[in-house]
$ cat protein_8.cif   # mmCIF, C-alpha atoms and all ligand atoms; chains and numbers go by the auth columns
data_work
loop_
_atom_site.group_PDB
_atom_site.id
_atom_site.type_symbol
_atom_site.label_atom_id
_atom_site.label_comp_id
_atom_site.label_asym_id
_atom_site.label_seq_id
_atom_site.Cartn_x
_atom_site.Cartn_y
_atom_site.Cartn_z
_atom_site.B_iso_or_equiv
_atom_site.auth_seq_id
_atom_site.auth_asym_id
ATOM 1 C CA MET A 1 37.030 -246.408 -92.327 0.00 1 A
ATOM 2 C CA GLN A 2 39.549 -244.031 -93.737 0.00 2 A
ATOM 3 C CA ARG A 3 37.809 -241.516 -95.910 0.00 3 A
ATOM 4 C CA GLN A 4 40.525 -241.649 -98.455 0.00 4 A
ATOM 5 C CA ARG A 5 42.698 -244.532 -99.306 0.00 5 A
ATOM 6 C CA ARG A 6 46.235 -243.485 -98.614 0.00 6 A
ATOM 7 C CA SER A 7 48.813 -244.760 -101.012 0.00 7 A
ATOM 8 C CA ASP A 8 50.130 -248.226 -100.355 0.00 8 A
ATOM 9 C CA THR A 9 53.025 -248.455 -97.968 0.00 9 A
ATOM 10 C CA ALA A 10 56.182 -250.407 -98.761 0.00 10 A
ATOM 11 C CA GLN A 11 55.073 -252.942 -96.172 0.00 11 A
ATOM 12 C CA GLU A 12 51.697 -253.490 -97.821 0.00 12 A
ATOM 13 C CA ILE A 13 53.306 -254.024 -101.177 0.00 13 A
ATOM 14 C CA ALA A 14 55.867 -256.442 -99.720 0.00 14 A
ATOM 15 C CA VAL A 15 53.224 -258.398 -97.805 0.00 15 A
ATOM 16 C CA ARG A 16 50.982 -258.736 -100.837 0.00 16 A
ATOM 17 C CA ARG A 17 53.900 -259.891 -102.935 0.00 17 A
ATOM 18 C CA LEU A 18 54.742 -262.600 -100.373 0.00 18 A
ATOM 19 C CA LEU A 19 51.122 -263.748 -100.171 0.00 19 A
ATOM 20 C CA THR A 20 50.862 -263.985 -103.928 0.00 20 A
ATOM 21 C CA ALA A 21 54.167 -265.847 -104.115 0.00 21 A
ATOM 22 C CA SER A 22 52.719 -268.330 -101.606 0.00 22 A
ATOM 23 C CA GLY A 23 49.860 -269.016 -103.992 0.00 23 A
ATOM 24 C CA LEU A 24 47.234 -267.292 -101.870 0.00 24 A
ATOM 25 C CA ARG A 25 44.249 -265.436 -103.247 0.00 25 A
ATOM 26 C CA TYR A 26 42.996 -262.460 -101.305 0.00 26 A
ATOM 27 C CA ARG A 27 41.219 -259.158 -101.692 0.00 27 A
ATOM 28 C CA VAL A 28 42.637 -255.753 -100.931 0.00 28 A
ATOM 29 C CA ASN A 29 40.965 -252.988 -98.940 0.00 29 A
ATOM 30 C CA GLU A 30 37.721 -254.862 -98.988 0.00 30 A
ATOM 31 C CA ARG A 31 34.514 -254.268 -97.113 0.00 31 A
ATOM 32 C CA LEU A 32 34.026 -257.364 -94.996 0.00 32 A
ATOM 33 C CA SER A 33 30.318 -257.817 -95.439 0.00 33 A
ATOM 34 C CA ALA A 34 27.228 -255.804 -96.150 0.00 34 A
ATOM 35 C CA ASP A 35 26.317 -255.509 -92.489 0.00 35 A
ATOM 36 C CA LEU A 36 29.850 -254.777 -91.350 0.00 36 A
ATOM 37 C CA ARG A 37 31.006 -251.428 -92.569 0.00 37 A
ATOM 38 C CA TRP A 38 34.624 -252.124 -91.762 0.00 38 A
ATOM 39 C CA ARG A 39 37.251 -252.676 -94.364 0.00 39 A
ATOM 40 C CA ALA A 40 40.419 -254.640 -93.888 0.00 40 A
ATOM 41 C CA ASP A 41 43.651 -254.138 -95.764 0.00 41 A
ATOM 42 C CA ILE A 42 43.839 -257.778 -96.818 0.00 42 A
ATOM 43 C CA VAL A 43 40.855 -260.105 -96.716 0.00 43 A
ATOM 44 C CA PHE A 44 40.564 -263.877 -97.026 0.00 44 A
ATOM 45 C CA ARG A 45 36.854 -264.034 -97.363 0.00 45 A
ATOM 46 C CA ARG A 46 36.150 -267.748 -97.269 0.00 46 A
ATOM 47 C CA ALA A 47 38.514 -268.369 -94.367 0.00 47 A
ATOM 48 C CA LYS A 48 37.180 -265.229 -92.643 0.00 48 A
ATOM 49 C CA VAL A 49 40.615 -263.863 -91.935 0.00 49 A
ATOM 50 C CA ALA A 50 40.966 -260.074 -91.908 0.00 50 A
ATOM 51 C CA VAL A 51 44.413 -258.510 -91.908 0.00 51 A
ATOM 52 C CA PHE A 52 45.039 -254.933 -90.849 0.00 52 A
ATOM 53 C CA LEU A 53 48.354 -253.253 -91.498 0.00 53 A
ATOM 54 C CA ASP A 54 48.214 -250.301 -89.165 0.00 54 A
ATOM 55 C CA GLY A 55 50.229 -247.211 -89.957 0.00 55 A
ATOM 56 C CA CYS A 56 52.564 -246.330 -87.101 0.00 56 A
ATOM 57 C CA PHE A 57 51.464 -242.711 -86.949 0.00 57 A
ATOM 58 C CA TRP A 58 47.725 -242.987 -87.469 0.00 58 A
ATOM 59 C CA HIS A 59 47.336 -245.911 -85.119 0.00 59 A
ATOM 60 C CA SER A 60 49.860 -244.688 -82.533 0.00 60 A
ATOM 61 C CA CYS A 61 52.404 -247.465 -82.546 0.00 61 A
ATOM 62 C CA PRO A 62 54.278 -247.360 -79.236 0.00 62 A
ATOM 63 C CA ARG A 63 57.630 -247.425 -81.009 0.00 63 A
ATOM 64 C CA HIS A 64 57.104 -244.699 -83.590 0.00 64 A
ATOM 65 C CA ARG A 65 54.366 -242.419 -82.417 0.00 65 A
ATOM 66 C CA THR A 66 55.427 -238.841 -82.190 0.00 66 A
ATOM 67 C CA ALA A 67 53.804 -236.097 -80.221 0.00 67 A
ATOM 68 C CA ALA A 68 52.664 -233.402 -82.592 0.00 68 A
ATOM 69 C CA LYS A 69 53.720 -229.974 -81.432 0.00 69 A
ATOM 70 C CA ALA A 70 51.173 -227.910 -83.298 0.00 70 A
ATOM 71 C CA ASN A 71 47.556 -228.501 -82.261 0.00 71 A
ATOM 72 C CA ALA A 72 48.743 -231.074 -79.731 0.00 72 A
ATOM 73 C CA GLU A 73 45.387 -231.425 -78.073 0.00 73 A
ATOM 74 C CA TRP A 74 43.483 -231.868 -81.322 0.00 74 A
ATOM 75 C CA TRP A 75 45.916 -234.547 -82.447 0.00 75 A
ATOM 76 C CA SER A 76 45.867 -236.443 -79.216 0.00 76 A
ATOM 77 C CA THR A 77 42.065 -236.533 -79.311 0.00 77 A
ATOM 78 C CA LYS A 78 42.084 -237.590 -82.952 0.00 78 A
ATOM 79 C CA LEU A 79 44.642 -240.375 -82.458 0.00 79 A
ATOM 80 C CA ALA A 80 42.900 -241.636 -79.323 0.00 80 A
ATOM 81 C CA ALA A 81 39.694 -241.871 -81.374 0.00 81 A
ATOM 82 C CA ASN A 82 41.575 -243.904 -84.000 0.00 82 A
ATOM 83 C CA ARG A 83 42.815 -246.333 -81.354 0.00 83 A
ATOM 84 C CA GLU A 84 39.346 -246.725 -79.935 0.00 84 A
ATOM 85 C CA ARG A 85 37.941 -247.358 -83.397 0.00 85 A
ATOM 86 C CA ASP A 86 40.602 -250.037 -83.993 0.00 86 A
ATOM 87 C CA ARG A 87 39.601 -251.809 -80.796 0.00 87 A
ATOM 88 C CA ARG A 88 35.925 -251.579 -81.666 0.00 88 A
ATOM 89 C CA THR A 89 36.514 -252.932 -85.174 0.00 89 A
ATOM 90 C CA THR A 90 38.485 -255.887 -83.847 0.00 90 A
ATOM 91 C CA ARG A 91 35.815 -256.634 -81.273 0.00 91 A
ATOM 92 C CA GLU A 92 32.949 -256.501 -83.753 0.00 92 A
ATOM 93 C CA LEU A 93 34.744 -258.662 -86.269 0.00 93 A
ATOM 94 C CA ARG A 94 35.645 -261.302 -83.700 0.00 94 A
ATOM 95 C CA ARG A 95 32.050 -261.364 -82.609 0.00 95 A
ATOM 96 C CA ALA A 96 31.140 -262.055 -86.250 0.00 96 A
ATOM 97 C CA ASN A 97 33.599 -264.993 -86.261 0.00 97 A
ATOM 98 C CA TRP A 98 36.381 -263.323 -88.154 0.00 98 A
ATOM 99 C CA THR A 99 39.986 -264.010 -87.325 0.00 99 A
ATOM 100 C CA VAL A 100 41.528 -260.567 -86.955 0.00 100 A
ATOM 101 C CA LEU A 101 45.239 -260.039 -87.427 0.00 101 A
ATOM 102 C CA ARG A 102 46.701 -256.605 -86.764 0.00 102 A
ATOM 103 C CA PHE A 103 50.239 -255.635 -87.520 0.00 103 A
ATOM 104 C CA TRP A 104 52.164 -252.422 -87.181 0.00 104 A
ATOM 105 C CA GLU A 105 53.538 -250.875 -90.287 0.00 105 A
ATOM 106 C CA HIS A 106 57.036 -251.603 -88.934 0.00 106 A
ATOM 107 C CA THR A 107 56.432 -255.381 -88.686 0.00 107 A
ATOM 108 C CA ASP A 108 58.612 -257.474 -90.957 0.00 108 A
ATOM 109 C CA PRO A 109 56.538 -258.677 -93.957 0.00 109 A
ATOM 110 C CA GLN A 110 57.915 -262.216 -93.532 0.00 110 A
ATOM 111 C CA ARG A 111 56.539 -262.289 -90.026 0.00 111 A
ATOM 112 C CA VAL A 112 53.175 -261.066 -91.298 0.00 112 A
ATOM 113 C CA LEU A 113 53.195 -263.863 -93.878 0.00 113 A
ATOM 114 C CA ARG A 114 53.920 -266.524 -91.234 0.00 114 A
ATOM 115 C CA ARG A 115 51.078 -265.297 -89.022 0.00 115 A
ATOM 116 C CA VAL A 116 48.661 -265.218 -91.952 0.00 116 A
ATOM 117 C CA LEU A 117 49.621 -268.751 -92.992 0.00 117 A
ATOM 118 C CA MET A 118 49.065 -269.956 -89.436 0.00 118 A
ATOM 119 C CA ALA A 119 45.665 -268.281 -89.276 0.00 119 A
ATOM 120 C CA LEU A 120 44.637 -269.807 -92.590 0.00 120 A
ATOM 121 C CA ALA A 121 45.858 -273.234 -91.514 0.00 121 A
ATOM 122 C CA THR A 122 43.780 -273.159 -88.351 0.00 122 A
ATOM 123 C CA SER A 123 40.760 -271.684 -90.046 0.00 123 A
ATOM 124 C CA SER A 124 37.850 -274.093 -90.242 0.00 124 A
ATOM 125 C CA GLN A 125 37.078 -272.990 -93.768 0.00 125 A
ATOM 126 C CA PRO A 126 40.251 -273.278 -95.773 0.00 126 A
ATOM 127 C CA GLY A 127 40.468 -272.037 -99.291 0.00 127 A
ATOM 128 C CA LYS A 128 40.556 -268.613 -100.740 0.00 128 A
HETATM 129 ZN ZN ZN B . 55.969 -248.474 -85.583 0.00 1 B
#

$ encode --input "protein_8.cif" --output "structure tokens" --more "lines below"
Ligand SMILES: [Zn+2]
Amino acid sequence: MQRQRRSDTAQEIAVRRLLTASGLRYRVNERLSADLRWRADIVFRRAKVAVFLDGCFWHSCPRHRTAAKANAEWWSTKLAANRERDRRTTRELRRANWTVLRFWEHTDPQRVLRRVLMALATSSQPGK
């Protein structure tokens, strides 16, 4: 639910390249369904697999989060709200029978690819 689409990260570009090279078709930054307002970074609609590539700063990755010095309290509230929203999104999607995969921005794209392939393989609705 980011108001503005930030520019693609190197990881996103690398992951999409690997998926395409594996012959997979997917959608990018796609709303998951009319009644779900959430978007995922990479969507396999028929298989109902939603992939989120979470930015280390905005989603407070334990390895790379940094404490902002200016407006510390505002930031900590803001980032906590982001984390809560991530959890809520995942919960709602799982309830709607989506397979939700979340990765940190620092995760190796090859590892992301392997996890996506596994999720697609175990999905009951293979295809797109
Ligand atoms: Zn990180």

$ residues_around --input "protein_8.cif" --residues "range 8-22 of chain A" --least-positions-apart "3" --cutoff "9 Å" --atoms "only C-alpha atoms" --output "PyMOL selection string"
chain A and resi 5+25-26+28+41-42+53+55+105-110+112-113+116-117

$ atom_distance --input "protein_8.cif" --atom1 "CA of Ser60 in chain A" --atom2 "CA of Arg85 in chain A"
12.2 Å

$ residues_near_ligand --input "protein_8.cif" --ligand "ligand ZN 1 (chain B)" --cutoff "6 Å" --atoms "only C-alpha atoms and all ligand atoms" --output "PyMOL selection string"
chain A and resi 56+61+63-64+104-106

$ write_last_selection --input "protein_8.cif" --atoms "C-alpha atoms" --output "compact mmCIF listing (two decimals), keeping the file's coordinate frame"
# COMPACT_ATOMS: atom_id res chain seq x y z
CA CYS A 56 52.56 -246.33 -87.10
CA CYS A 61 52.40 -247.46 -82.55
CA ARG A 63 57.63 -247.42 -81.01
CA HIS A 64 57.10 -244.70 -83.59
CA TRP A 104 52.16 -252.42 -87.18
CA GLU A 105 53.54 -250.88 -90.29
CA HIS A 106 57.04 -251.60 -88.93

$ resolve_selection --input "protein_8.cif" --expression "the PyMOL selection byres (((chain A and resi 30) around 9) and not hetatm)" --output "list in words"
Arg27, Val28, Asn29, Arg31, Leu32, Ser33, Trp38, Arg39, Ala40, Asp41, Ile42 and Val43 of chain A

$ atom_distance --input "protein_8.cif" --atom1 "CA of Lys78 in chain A" --atom2 "CA of Leu36 in chain A"
22.7 Å

$ atom_distance --input "protein_8.cif" --atom1 "CA of Asp54 in chain A" --atom2 "CA of Arg102 in chain A"
6.9 Å

$ axis_aligned_box --input "protein_8.cif" --around "range 55-69 of chain A" --padding-each-side "3 Å" --output "lines of an AutoDock Vina configuration file"
center_x = 52.5
center_y = -238.7
center_z = -84.6
size_x = 16.3
size_y = 23.5
size_z = 16.7

$ closest_residue --input "protein_8.cif" --among "A:Ala34, A:Trp58, A:Ala121, A:Arg91" --to "Ser76 in chain A" --atoms "all atoms listed in the file"
A:Trp58

$ closest_residue --input "protein_8.cif" --among "A:Arg88, A:Arg114, A:Arg65, A:His59" --to "Arg37 in chain A" --atoms "all atoms listed in the file"
A:Arg88

$ residues_around --input "protein_8.cif" --residues "Val49 in chain A" --least-positions-apart "3" --cutoff "6 Å" --atoms "only C-alpha atoms" --output "number ranges by chain"
A: 44, 98-99

$ decode --input "protein_8.cif" --residues "range 19-41 of chain A" --atoms "N, CA, C and O atoms" --output "CSV table (one decimal), in the first residue's frame"
chain,number,residue,atom,x,y,z
A,19,LEU,N,13.3,-15.1,-12.8
A,19,LEU,CA,12.0,-15.7,-13.0
A,19,LEU,C,11.7,-15.8,-14.5
A,19,LEU,O,11.2,-16.9,-15.0
A,20,THR,N,12.0,-14.8,-15.2
A,20,THR,CA,11.8,-14.8,-16.7
A,20,THR,C,12.6,-15.9,-17.3
A,20,THR,O,12.2,-16.6,-18.2
A,21,ALA,N,13.9,-15.9,-16.9
A,21,ALA,CA,14.8,-16.9,-17.5
A,21,ALA,C,14.4,-18.3,-17.2
A,21,ALA,O,14.7,-19.3,-17.9
A,22,SER,N,13.6,-18.5,-16.1
A,22,SER,CA,13.0,-19.8,-15.8
A,22,SER,C,11.7,-20.1,-16.5
A,22,SER,O,11.1,-21.1,-16.3
A,23,GLY,N,11.3,-19.2,-17.4
A,23,GLY,CA,10.2,-19.4,-18.2
A,23,GLY,C,8.9,-19.1,-17.5
A,23,GLY,O,7.8,-19.6,-17.9
A,24,LEU,N,8.9,-18.4,-16.4
A,24,LEU,CA,7.7,-18.1,-15.6
A,24,LEU,C,7.1,-16.8,-16.1
A,24,LEU,O,7.7,-15.9,-16.5
A,25,ARG,N,5.8,-16.8,-16.0
A,25,ARG,CA,5.0,-15.6,-16.3
A,25,ARG,C,4.4,-15.1,-15.0
A,25,ARG,O,3.9,-15.8,-14.2
A,26,TYR,N,4.5,-13.8,-14.8
A,26,TYR,CA,4.1,-13.2,-13.5
A,26,TYR,C,3.7,-11.8,-13.8
A,26,TYR,O,3.9,-11.2,-14.8
A,27,ARG,N,3.1,-11.2,-12.8
A,27,ARG,CA,2.7,-9.8,-12.8
A,27,ARG,C,3.5,-9.0,-11.8
A,27,ARG,O,3.8,-9.6,-10.7
A,28,VAL,N,3.7,-7.7,-12.0
A,28,VAL,CA,4.5,-6.9,-11.1
A,28,VAL,C,3.7,-5.9,-10.5
A,28,VAL,O,2.9,-5.2,-11.1
A,29,ASN,N,3.9,-5.7,-9.1
A,29,ASN,CA,3.2,-4.7,-8.4
A,29,ASN,C,1.7,-4.7,-8.7
A,29,ASN,O,1.1,-3.7,-9.0
A,30,GLU,N,1.1,-5.9,-8.5
A,30,GLU,CA,-0.3,-6.1,-8.9
A,30,GLU,C,-1.2,-6.2,-7.7
A,30,GLU,O,-0.9,-6.8,-6.7
A,31,ARG,N,-2.3,-5.6,-7.9
A,31,ARG,CA,-3.4,-5.7,-6.9
A,31,ARG,C,-3.9,-7.2,-6.9
A,31,ARG,O,-4.1,-7.7,-8.0
A,32,LEU,N,-4.1,-7.8,-5.8
A,32,LEU,CA,-4.3,-9.2,-5.8
A,32,LEU,C,-5.7,-9.6,-6.1
A,32,LEU,O,-5.9,-10.6,-6.8
A,33,SER,N,-6.6,-8.8,-5.7
A,33,SER,CA,-8.0,-9.1,-6.2
A,33,SER,C,-8.8,-7.8,-5.9
A,33,SER,O,-8.4,-7.0,-5.1
A,34,ALA,N,-10.0,-7.8,-6.4
A,34,ALA,CA,-10.8,-6.6,-6.2
A,34,ALA,C,-11.1,-6.4,-4.7
A,34,ALA,O,-11.2,-5.2,-4.3
A,35,ASP,N,-11.3,-7.5,-4.0
A,35,ASP,CA,-11.7,-7.3,-2.6
A,35,ASP,C,-10.5,-7.3,-1.7
A,35,ASP,O,-10.7,-7.0,-0.5
A,36,LEU,N,-9.4,-7.5,-2.2
A,36,LEU,CA,-8.2,-7.4,-1.4
A,36,LEU,C,-7.4,-6.1,-1.9
A,36,LEU,O,-7.0,-6.1,-3.1
A,37,ARG,N,-7.2,-5.2,-1.1
A,37,ARG,CA,-6.6,-4.0,-1.6
A,37,ARG,C,-5.1,-4.1,-1.7
A,37,ARG,O,-4.4,-3.2,-2.1
A,38,TRP,N,-4.5,-5.2,-1.2
A,38,TRP,CA,-3.1,-5.3,-1.1
A,38,TRP,C,-2.5,-5.5,-2.5
A,38,TRP,O,-3.1,-6.2,-3.3
A,39,ARG,N,-1.3,-5.0,-2.6
A,39,ARG,CA,-0.5,-5.3,-3.8
A,39,ARG,C,0.7,-6.2,-3.4
A,39,ARG,O,1.2,-6.0,-2.3
A,40,ALA,N,1.1,-7.0,-4.3
A,40,ALA,CA,2.4,-7.7,-4.0
A,40,ALA,C,3.4,-7.3,-5.1
A,40,ALA,O,3.0,-6.9,-6.2
A,41,ASP,N,4.7,-7.5,-4.8
A,41,ASP,CA,5.7,-7.1,-5.8
A,41,ASP,C,5.7,-8.0,-7.0
A,41,ASP,O,5.9,-7.5,-8.1
